[in-house]
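What follows is the content of run13.pdb (PDB, C-alpha atoms).
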MODEL        1
ATOM      1  CA  MET A   1    -223.372 -60.715 -73.765
ATOM      2  CA  PHE A   2    -221.409 -60.987 -77.024
ATOM      3  CA  LEU A   3    -221.405 -57.200 -77.245
ATOM      4  CA  SER A   4    -219.204 -57.276 -74.145
ATOM      5  CA  LEU A   5    -216.266 -58.313 -76.339
ATOM      6  CA  SER A   6    -213.546 -55.707 -76.371
ATOM      7  CA  THR A   7    -213.616 -52.946 -78.959
ATOM      8  CA  SER A   8    -210.424 -54.264 -80.549
ATOM      9  CA  VAL A   9    -212.080 -57.657 -81.106
ATOM     10  CA  TRP A  10    -215.091 -55.949 -82.689
ATOM     11  CA  ILE A  11    -212.768 -53.937 -84.923
ATOM     12  CA  LEU A  12    -211.225 -57.210 -86.137
ATOM     13  CA  ILE A  13    -214.691 -58.704 -86.697
ATOM     14  CA  ALA A  14    -215.799 -55.598 -88.625
ATOM     15  CA  ALA A  15    -212.615 -55.684 -90.722
ATOM     16  CA  GLY A  16    -213.244 -59.344 -91.526
ATOM     17  CA  ALA A  17    -216.864 -58.589 -92.443
ATOM     18  CA  THR A  18    -215.636 -55.813 -94.747
ATOM     19  CA  LEU A  19    -213.254 -58.194 -96.511
ATOM     20  CA  VAL A  20    -216.008 -60.817 -96.842
ATOM     21  CA  ASN A  21    -218.336 -58.180 -98.275
ATOM     22  CA  LEU A  22    -215.803 -56.881-100.790
ATOM     23  CA  ALA A  23    -214.834 -60.355-102.002
ATOM     24  CA  ALA A  24    -218.393 -61.678-102.148
ATOM     25  CA  MET A  25    -219.807 -58.630-103.895
ATOM     26  CA  GLN A  26    -217.079 -58.813-106.546
ATOM     27  CA  TRP A  27    -218.191 -62.385-107.213
ATOM     28  CA  ILE A  28    -221.922 -61.594-107.089
ATOM     29  CA  ILE A  29    -221.972 -58.486-109.272
ATOM     30  CA  GLN A  30    -221.053 -59.583-112.787
ATOM     31  CA  ILE A  31    -221.593 -56.189-114.421
ATOM     32  CA  PRO A  32    -218.186 -54.526-114.960
ATOM     33  CA  LYS A  33    -219.279 -50.919-114.496
ATOM     34  CA  TYR A  34    -220.847 -51.769-111.121
ATOM     35  CA  LYS A  35    -217.972 -53.897-109.804
ATOM     36  CA  LYS A  36    -215.909 -50.812-108.973
ATOM     37  CA  LYS A  37    -218.837 -49.124-107.245
ATOM     38  CA  GLN A  38    -219.053 -51.956-104.699
ATOM     39  CA  PHE A  39    -216.018 -50.554-102.920
ATOM     40  CA  TRP A  40    -218.175 -47.642-101.744
ATOM     41  CA  MET A  41    -220.441 -49.916 -99.689
ATOM     42  CA  PRO A  42    -218.087 -50.165 -96.665
ATOM     43  CA  VAL A  43    -217.478 -46.408 -96.779
ATOM     44  CA  ILE A  44    -221.207 -45.699 -96.759
ATOM     45  CA  GLY A  45    -221.687 -48.238 -93.961
ATOM     46  CA  ILE A  46    -218.941 -46.697 -91.845
ATOM     47  CA  VAL A  47    -220.318 -43.185 -92.288
ATOM     48  CA  ALA A  48    -223.995 -44.087 -91.772
ATOM     49  CA  LEU A  49    -223.520 -46.364 -88.791
ATOM     50  CA  GLY A  50    -220.800 -44.150 -87.326
ATOM     51  CA  VAL A  51    -223.182 -41.177 -87.385
ATOM     52  CA  ARG A  52    -225.876 -43.390 -85.843
ATOM     53  CA  GLY A  53    -223.490 -44.467 -83.090
ATOM     54  CA  LEU A  54    -222.506 -40.888 -82.324
ATOM     55  CA  ALA A  55    -226.085 -39.600 -82.393
ATOM     56  CA  GLN A  56    -227.397 -42.315 -80.086
ATOM     57  CA  HIS A  57    -224.279 -42.432 -77.905
ATOM     58  CA  GLY A  58    -224.090 -46.147 -78.548
ATOM     59  CA  SER A  59    -221.174 -48.249 -77.460
ATOM     60  CA  PRO A  60    -218.498 -48.938 -80.044
ATOM     61  CA  ALA A  61    -219.266 -52.670 -79.725
ATOM     62  CA  SER A  62    -222.915 -52.242 -80.706
ATOM     63  CA  THR A  63    -222.040 -49.935 -83.606
ATOM     64  CA  LEU A  64    -219.398 -52.363 -84.881
ATOM     65  CA  TYR A  65    -221.829 -55.295 -84.480
ATOM     66  CA  LEU A  66    -224.400 -53.515 -86.651
ATOM     67  CA  TYR A  67    -221.748 -52.609 -89.208
ATOM     68  CA  ALA A  68    -220.481 -56.202 -89.432
ATOM     69  CA  ALA A  69    -224.040 -57.514 -89.707
ATOM     70  CA  VAL A  70    -224.900 -55.122 -92.547
ATOM     71  CA  MET A  71    -221.678 -55.952 -94.404
ATOM     72  CA  VAL A  72    -222.480 -59.668 -94.295
ATOM     73  CA  MET A  73    -226.211 -59.214 -94.908
ATOM     74  CA  PHE A  74    -225.930 -57.883 -98.460
ATOM     75  CA  PRO A  75    -223.945 -60.804 -99.886
ATOM     76  CA  LEU A  76    -226.263 -63.256 -98.106
ATOM     77  CA  MET A  77    -229.259 -61.617 -99.766
ATOM     78  CA  LEU A  78    -227.756 -61.283-103.239
ATOM     79  CA  ALA A  79    -225.701 -64.466-103.706
ATOM     80  CA  PRO A  80    -228.680 -66.796-104.345
ATOM     81  CA  ILE A  81    -230.007 -64.539-107.123
ATOM     82  CA  ARG A  82    -226.643 -63.659-108.650
ATOM     83  CA  SER A  83    -227.423 -64.987-112.122
ATOM     84  CA  THR A  84    -230.908 -63.460-112.110
ATOM     85  CA  ILE A  85    -229.469 -60.032-111.318
ATOM     86  CA  THR A  86    -227.075 -60.266-114.257
ATOM     87  CA  ARG A  87    -229.723 -61.624-116.619
ATOM     88  CA  ASP A  88    -232.248 -58.935-115.633
ATOM     89  CA  TYR A  89    -229.640 -56.212-116.085
ATOM     90  CA  HIS A  90    -228.771 -57.344-119.615
ATOM     91  CA  ARG A  91    -232.461 -57.599-120.505
ATOM     92  CA  TRP A  92    -232.999 -54.100-119.131
ATOM     93  CA  VAL A  93    -230.091 -52.707-121.206
ATOM     94  CA  GLU A  94    -231.712 -54.104-124.346
ATOM     95  CA  ASP A  95    -235.209 -52.916-123.376
ATOM     96  CA  PRO A  96    -235.471 -50.324-120.563
ATOM     97  CA  THR A  97    -239.154 -51.155-120.047
ATOM     98  CA  THR A  98    -238.231 -54.639-118.822
ATOM     99  CA  LYS A  99    -239.134 -55.277-115.183
ATOM    100  CA  ALA A 100    -237.034 -57.178-112.672
ATOM    101  CA  SER A 101    -237.915 -60.821-112.061
ATOM    102  CA  LYS A 102    -240.722 -61.210-109.545
ATOM    103  CA  GLY A 103    -238.975 -64.163-107.936
ATOM    104  CA  ALA A 104    -235.812 -62.143-107.384
ATOM    105  CA  MET A 105    -237.730 -59.227-105.932
ATOM    106  CA  LEU A 106    -239.665 -61.558-103.634
ATOM    107  CA  TRP A 107    -236.407 -63.189-102.505
ATOM    108  CA  LEU A 108    -234.873 -59.778-101.744
ATOM    109  CA  ALA A 109    -237.891 -58.639 -99.751
ATOM    110  CA  VAL A 110    -238.271 -61.832 -97.724
ATOM    111  CA  SER A 111    -234.562 -62.346 -97.094
ATOM    112  CA  ALA A 112    -234.146 -58.690 -96.062
ATOM    113  CA  VAL A 113    -236.948 -59.004 -93.504
ATOM    114  CA  VAL A 114    -235.587 -62.298 -92.161
ATOM    115  CA  LEU A 115    -232.004 -61.044 -91.926
ATOM    116  CA  MET A 116    -232.963 -57.711 -90.360
ATOM    117  CA  THR A 117    -235.070 -59.568 -87.806
ATOM    118  CA  ALA A 118    -232.114 -61.839 -87.011
ATOM    119  CA  VAL A 119    -229.767 -58.854 -86.675
ATOM    120  CA  GLY A 120    -232.273 -57.069 -84.426
ATOM    121  CA  ALA A 121    -232.773 -60.168 -82.286
ATOM    122  CA  GLY A 122    -229.007 -60.586 -81.980
ATOM    123  CA  TYR A 123    -228.666 -56.939 -81.028
ATOM    124  CA  ALA A 124    -231.419 -57.210 -78.407
ATOM    125  CA  ALA A 125    -229.882 -60.376 -76.991
ATOM    126  CA  GLY A 126    -226.430 -58.818 -76.855
ATOM    127  CA  VAL A 127    -227.443 -55.652 -75.047
TER     128      VAL A 127
ENDMDL
END
Write out the structure in this file as structure tokens.
Amino acid sequence: MFLSLSTSVWILIAAGATLVNLAAMQWIIQIPKYKKKQFWMPVIGIVALGVRGLAQHGSPASTLYLYAAVMVMFPLMLAPIRSTITRDYHRWVEDPTTKASKGAMLWLAVSAVVLMTAVGAGYAAGV
């Protein structure tokens, strides 16, 4: 269905998702030394999902859909716990034995499962 959009449309959607990811992750990650590393996320996504697409002989539309979904998924998971991530990092710098907040870890686990299920359901519906 929606995967029947042309490849050029999916390229535009993927480019938009990349821009959303880069802007959102710069806002979410408040630790200066990690802000620059966020620019590697789209590169890793392109390589990993590109290899997956080539290995499974998937259509460019399905590969670009998965890429766009992954690029948007990370900011959706991390934005609600933005301040907790920063606070936990600074606590960890002071005392490396400090553990991450249980609430933040629970949020990451649950939101990852929910979002991956939604992406999978969208993929199955689109094929």
Given the PyMOL selection byres ((chain A and resi 94-105) around 12), the residues it picks as a PyMOL selection string: chain A and resi 77-93+106-112
Just to be explicit: take each residue in the selection above, keep C-alpha atoms, and write the result as a PDB file, in the frame of the given file.
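Final file, selection_9.pdb:
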ATOM      1  CA  MET A  77    -229.259 -61.617 -99.766  1.00  0.00           C
ATOM      2  CA  LEU A  78    -227.756 -61.283-103.239  1.00  0.00           C
ATOM      3  CA  ALA A  79    -225.701 -64.466-103.706  1.00  0.00           C
ATOM      4  CA  PRO A  80    -228.680 -66.796-104.345  1.00  0.00           C
ATOM      5  CA  ILE A  81    -230.007 -64.539-107.123  1.00  0.00           C
ATOM      6  CA  ARG A  82    -226.643 -63.659-108.650  1.00  0.00           C
ATOM      7  CA  SER A  83    -227.423 -64.987-112.122  1.00  0.00           C
ATOM      8  CA  THR A  84    -230.908 -63.460-112.110  1.00  0.00           C
ATOM      9  CA  ILE A  85    -229.469 -60.032-111.318  1.00  0.00           C
ATOM     10  CA  THR A  86    -227.075 -60.266-114.257  1.00  0.00           C
ATOM     11  CA  ARG A  87    -229.723 -61.624-116.619  1.00  0.00           C
ATOM     12  CA  ASP A  88    -232.248 -58.935-115.633  1.00  0.00           C
ATOM     13  CA  TYR A  89    -229.640 -56.212-116.085  1.00  0.00           C
ATOM     14  CA  HIS A  90    -228.771 -57.344-119.615  1.00  0.00           C
ATOM     15  CA  ARG A  91    -232.461 -57.599-120.505  1.00  0.00           C
ATOM     16  CA  TRP A  92    -232.999 -54.100-119.131  1.00  0.00           C
ATOM     17  CA  VAL A  93    -230.091 -52.707-121.206  1.00  0.00           C
ATOM     18  CA  LEU A 106    -239.665 -61.558-103.634  1.00  0.00           C
ATOM     19  CA  TRP A 107    -236.407 -63.189-102.505  1.00  0.00           C
ATOM     20  CA  LEU A 108    -234.873 -59.778-101.744  1.00  0.00           C
ATOM     21  CA  ALA A 109    -237.891 -58.639 -99.751  1.00  0.00           C
ATOM     22  CA  VAL A 110    -238.271 -61.832 -97.724  1.00  0.00           C
ATOM     23  CA  SER A 111    -234.562 -62.346 -97.094  1.00  0.00           C
ATOM     24  CA  ALA A 112    -234.146 -58.690 -96.062  1.00  0.00           C
TER      25      ALA A 112
END
Surrounding residues of Ser8 (chain A) excluding itself and chain neighbours under 4 positions, 12 Å, all atoms listed in the file, as number ranges by chain: A: 3-4, 12-15, 60-61, 64
Kindly compute an axis-aligned box around the listed atoms of region 97-111 of chain A, allowing 8 Å on each side, and express its centre and edge lengths in Å to one decimal as JSON.
{"center_x": -237.6, "center_y": -57.7, "center_z": -108.6, "size_x": 22.2, "size_y": 29.0, "size_z": 39.0}
Distance in Å - CA of Val114 (chain A) versus CA of Thr7 (chain A):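 Spanning CA of Val114 (chain A) to CA of Thr7 (chain A) is a straight-line distance of 27.3 Å.
Our summary of the geometry notes that CA of Gly126 (chain A) is positioned 14.6 Å from CA of Tyr67 (chain A).
Omitting region 31-39 of chain A and its sequence neighbours fewer than 5 positions away, and counting only C-alpha atoms, the residues within 7 Å are Leu22, Met25, Gln26 and Thr86 of chain A.
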Atom-to-atom span, CA of Ala24 (chain A) and CA of Thr117 (chain A), Å: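 Value for the CA of Ala24 (chain A)-CA of Thr117 (chain A) distance: 22.1 Å.
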Given only C-alpha atoms as the counted atoms, nearest of A:Tyr65, A:Met116, A:Leu49, A:Leu76 to Trp10 (chain A):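 Counting only C-alpha atoms, the residue closest to Trp10 (chain A) is A:Tyr65.
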Can you build me a table of region 15-48 of chain A residues sitting at most 10 Å from region 68-74 of chain A, with the closest atom pair per residue and its distance in Å to one decimal, using only C-alpha atoms, sorted by chain and residue number, as CSV?
residue,atom,partner,partner_atom,distance
A:Ala15,CA,A:Ala68,CA,8.0
A:Gly16,CA,A:Ala68,CA,8.2
A:Ala17,CA,A:Ala68,CA,5.3
A:Thr18,CA,A:Met71,CA,6.1
A:Leu19,CA,A:Met71,CA,9.0
A:Val20,CA,A:Val72,CA,7.0
A:Asn21,CA,A:Met71,CA,5.6
A:Leu22,CA,A:Met71,CA,8.7
A:Ala24,CA,A:Val72,CA,9.1
A:Met25,CA,A:Phe74,CA,8.2
A:Met41,CA,A:Met71,CA,8.1
A:Pro42,CA,A:Met71,CA,7.2
A:Gly45,CA,A:Met71,CA,7.7
A:Ile46,CA,A:Ala68,CA,9.9
Point (-229.4, -57.6, -80.0) neighbourhood (10 Å, only C-alpha atoms) written as number ranges by chain: A: 1-3, 62, 65-66, 117-127
